Every structure is written in structure tokens, then in C-alpha cells.
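To start, the structure under review is shown below, and the notes come after it.
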Amino acid sequence: MRVIVRTASELCITVGTVIVLFVVHLLFWTGVRADHAMGQQVDALHQRWARQEAGRPARGQAPQAPTAEPYQDGEPFAVMYIPRLGFTWNKPVLQGTATGTLKKGLGHYAGSARLGQTGNFAVAGHRRTYGDPFKDFPRLRRGDAVVLTDGTTWFTYRIDKGPYKTVPTDVEVIDPVPAKSGYTGPGRYLTLTTCDPEWGHSHRLIVWAHLDSTRPVEAGRPEALRR
């Protein structure tokens, strides 16, 4: 009997250790790798933008033919800043919402509008794991700024509604004019989506915003990013 009890105790300790190690891996190592991956995406963007800036013609010269389309699947094309989530918070935005893409940053829904253009520029991000980009999503409020840059322009959006809770099948939240957003006609909108609850995925949290202003990068950071 003592042998059985000791064996059972040792088995429980082993199982407990495995569970703890798994949780550490989930919470820490995936976050470390994701932060590194996101940093690499941001660095790649800044390098690309620097090359593009160097290749721009001098004033009065004819412009060159456009370079490759920035919206390549799985590739970064913008950086997002949300001051409400911290002035050091910035994440790369990549094309597509595939599992591998969302491990490296935020994902732009295929088929939604392009950044700054008429329609609904819709972006998804993990609430937890892979860097926890939208961990504090519920803190977002009406009037908060969401700022993006594509290397040439700053786009400042202002949140109008949310966080709004819905189910994953409610795909209308990323329509050009989302029915539950309060918008009544075409405009230049932004939708952010993430999972809810914090460690689950039975529901989604949504915020909707409108494009409030734009500013050339050479003019400096927008007011929303100045401390």
C-alpha cells in the first residue's frame, strides 16, 4: 500500500511539474519569441521605408514606377500605435490573419479596405499568447486614438464604439459599413478584433473607429503620439 501511495504521489508531482512547465512555456517563451518576431517585422519595415525614401526622385524629377505591392500575404506593411495601451506599445500589421501571421503581429483581414482608404480597414490580434498584443483591449474607450503609419503617412483614427462583445460567426463586424457600429454610410473606418474571454475564444471583442486625420511622416509625429 505504501508503495502504491508513493508511486501515486510521485506521478502527481510529475504531472504537476509538466503542467507548470507547459504554462511557463505558454506564458513566457511564446511571448518572448513573439516579441522578437514582432520586433523583426518592425525593423524590416523601417529598413524598407529607408530604402524607399532613398530611392525617391528629387524635387522636379519624374517619379519612378511603383515598387511591389506592400500587401503581400504574411508581410508587414504598417505599424500601429495605441497610446491608451502605453506610449511604448507599437505592433506591426501584416497582411492576412493566418495562424502563422498572427504569431508575428497584428493581421489585416483580406478583402477589407486598405489603410486610409474608403471602406473598413479591419485588423485582428491575439488577446493572449504570442506577445499578448491585445491583452488590454477592454481598456479602449470612445475617443481613444489608434495611429498607424505606412512609412509615408500617419493615419490617426478615433474610436467611436466598443469594446463590443459578439460571437465569432458575426462576420458583419468587418463589413465596409458595419451594421452595429453606428455608422450610416460609407467612410474611412477602422475595426479592431480580438478574442474574449482573456484565455478563451468563445466570443470576440470589437472596436470601431473613423479616420480623424492624416499627416505626412516628414511633418513629424501626430499630436496623439506626443507626450
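Lettering and numbering for the C-alpha cells are positional, with chains as A, B, ... in the shown order, residues counted from 1 in each chain, and ligands counted from 1 in the shown order.
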Pick out the residues sitting within 9 Å of Arg227 in chain A, and hand them over as a PyMOL selection string; count only C-alpha atoms, and ignore anything fewer than 3 positions along from it in its own chain. chain A and resi 87+223-224
In Å, how far is it from CA of Gly151 in chain A to CA of Thr129 in chain A? 27.9 Å
Selection: 12 Å around Trp89 in chain A, only C-alpha atoms, excl. self and same-chain fewer than 3 positions, as a list of chain:residue names: A:Asp35, A:Met38, A:Gly39, A:Val79, A:Met80, A:Tyr81, A:Ile82, A:Pro83, A:Arg84, A:Leu85, A:Gly86, A:Pro92, A:Gly131, A:Asp132, A:Pro133, A:Phe134, A:Lys135, A:Asp136, A:Val146, A:Val147, A:Leu148, A:Leu225
Where does range 66-167 of chain A meet range 197-206 of chain A within 8 Å, residue by residue, with the nearest atom pair and distance in Å to one decimal for each, counting only C-alpha atoms, listed by chain and rising number, as a Markdown table?
| residue | atom | partner | partner_atom | distance |
| --- | --- | --- | --- | --- |
| A:Arg127 | CA | A:Glu198 | CA | 6.2 |
| A:Arg128 | CA | A:Trp199 | CA | 6.4 |
| A:Lys135 | CA | A:Glu198 | CA | 7.3 |
| A:Phe137 | CA | A:Leu205 | CA | 8.0 |
| A:Pro138 | CA | A:Leu205 | CA | 8.0 |
| A:Gly162 | CA | A:Ile206 | CA | 6.0 |
| A:Pro163 | CA | A:Ile206 | CA | 5.1 |
| A:Tyr164 | CA | A:Ile206 | CA | 4.9 |
| A:Lys165 | CA | A:Leu205 | CA | 4.7 |
| A:Thr166 | CA | A:Arg204 | CA | 5.3 |
| A:Val167 | CA | A:His203 | CA | 4.5 |
Just want the 10 Å neighbourhood of Val173 in chain A, counted on only C-alpha atoms, with same-chain residues fewer than 4 positions away dropped. Output as a list in words. Asn120, Ala122, Tyr164, Thr166, Pro168, Thr169, Val177, Pro178, Ala179, Lys180, Ser181, Thr191, Leu192, Thr193, Ile206, Val207 and Trp208 of chain A
Could the residues in this selection be written to a file with C-alpha atoms, as a PDB file, in the first residue's frame?
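Everything below was put into again-v3.pdb:
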ATOM      1  CA  ASN A 120     -13.314  49.371 -43.392  1.00  0.00           C
ATOM      2  CA  ALA A 122     -10.066  45.642 -40.348  1.00  0.00           C
ATOM      3  CA  TYR A 164     -18.481  45.479 -28.332  1.00  0.00           C
ATOM      4  CA  THR A 166     -20.143  39.360 -30.125  1.00  0.00           C
ATOM      5  CA  PRO A 168     -17.076  34.592 -33.934  1.00  0.00           C
ATOM      6  CA  THR A 169     -19.737  33.982 -36.590  1.00  0.00           C
ATOM      7  CA  VAL A 177     -20.221  49.857 -43.148  1.00  0.00           C
ATOM      8  CA  PRO A 178     -20.681  47.592 -40.077  1.00  0.00           C
ATOM      9  CA  ALA A 179     -24.363  47.466 -39.146  1.00  0.00           C
ATOM     10  CA  LYS A 180     -23.810  47.606 -35.373  1.00  0.00           C
ATOM     11  CA  SER A 181     -21.111  50.269 -35.449  1.00  0.00           C
ATOM     12  CA  THR A 191     -12.164  47.812 -36.991  1.00  0.00           C
ATOM     13  CA  LEU A 192     -10.067  46.014 -34.374  1.00  0.00           C
ATOM     14  CA  THR A 193     -10.995  42.489 -33.255  1.00  0.00           C
ATOM     15  CA  ILE A 206     -14.720  44.708 -31.354  1.00  0.00           C
ATOM     16  CA  VAL A 207     -13.974  48.422 -31.549  1.00  0.00           C
ATOM     17  CA  TRP A 208     -14.840  50.696 -34.452  1.00  0.00           C
TER      18      TRP A 208
END
Pick from A:Lys91, A:His36, A:His210, A:Arg188: nearest to Ser112 in chain A, with only C-alpha atoms counted? A:Arg188
Let me make sure I understand: among A:His126, A:Ala110, A:Arg141, A:His46, which one has the smallest atom-to-atom distance to Asp196 in chain A if we use only C-alpha atoms? A:His126
Considering only C-alpha atoms, can you say which of A:Gly119, A:Gly107, A:Pro216, A:Pro176 comes closest to Ala78 in chain A? A:Gly107
Could you list, as a compact mmCIF listing (two decimals) with N, CA, C and O atoms, in the first residue's frame, every residue within 7 Å of Phe121 in chain A, counting only C-alpha atoms and ignoring same-chain residues fewer than 6 positions away?
# COMPACT_ATOMS: atom_id res chain seq x y z
N SER A 112 -10.71 43.42 -46.74
CA SER A 112 -11.14 44.69 -46.14
C SER A 112 -10.34 45.84 -46.78
O SER A 112 -9.37 45.61 -47.50
N ALA A 113 -10.78 47.06 -46.51
CA ALA A 113 -10.18 48.23 -47.17
C ALA A 113 -8.70 48.37 -46.85
O ALA A 113 -8.20 47.87 -45.84
N ARG A 114 -8.02 49.06 -47.72
CA ARG A 114 -6.62 49.38 -47.48
C ARG A 114 -6.52 50.55 -46.50
O ARG A 114 -7.47 51.32 -46.31
N LEU A 115 -5.37 50.67 -45.89
CA LEU A 115 -5.14 51.68 -44.88
C LEU A 115 -5.43 53.08 -45.41
O LEU A 115 -4.88 53.50 -46.43
N TYR A 189 -13.09 53.83 -42.24
CA TYR A 189 -13.25 53.25 -40.91
C TYR A 189 -12.12 52.27 -40.58
O TYR A 189 -11.41 51.79 -41.46
N LEU A 190 -12.02 51.99 -39.29
CA LEU A 190 -11.07 51.00 -38.76
C LEU A 190 -11.83 50.09 -37.80
O LEU A 190 -12.61 50.56 -36.97
N THR A 191 -11.61 48.78 -37.93
CA THR A 191 -12.16 47.81 -36.99
C THR A 191 -11.03 47.00 -36.39
O THR A 191 -10.17 46.51 -37.12
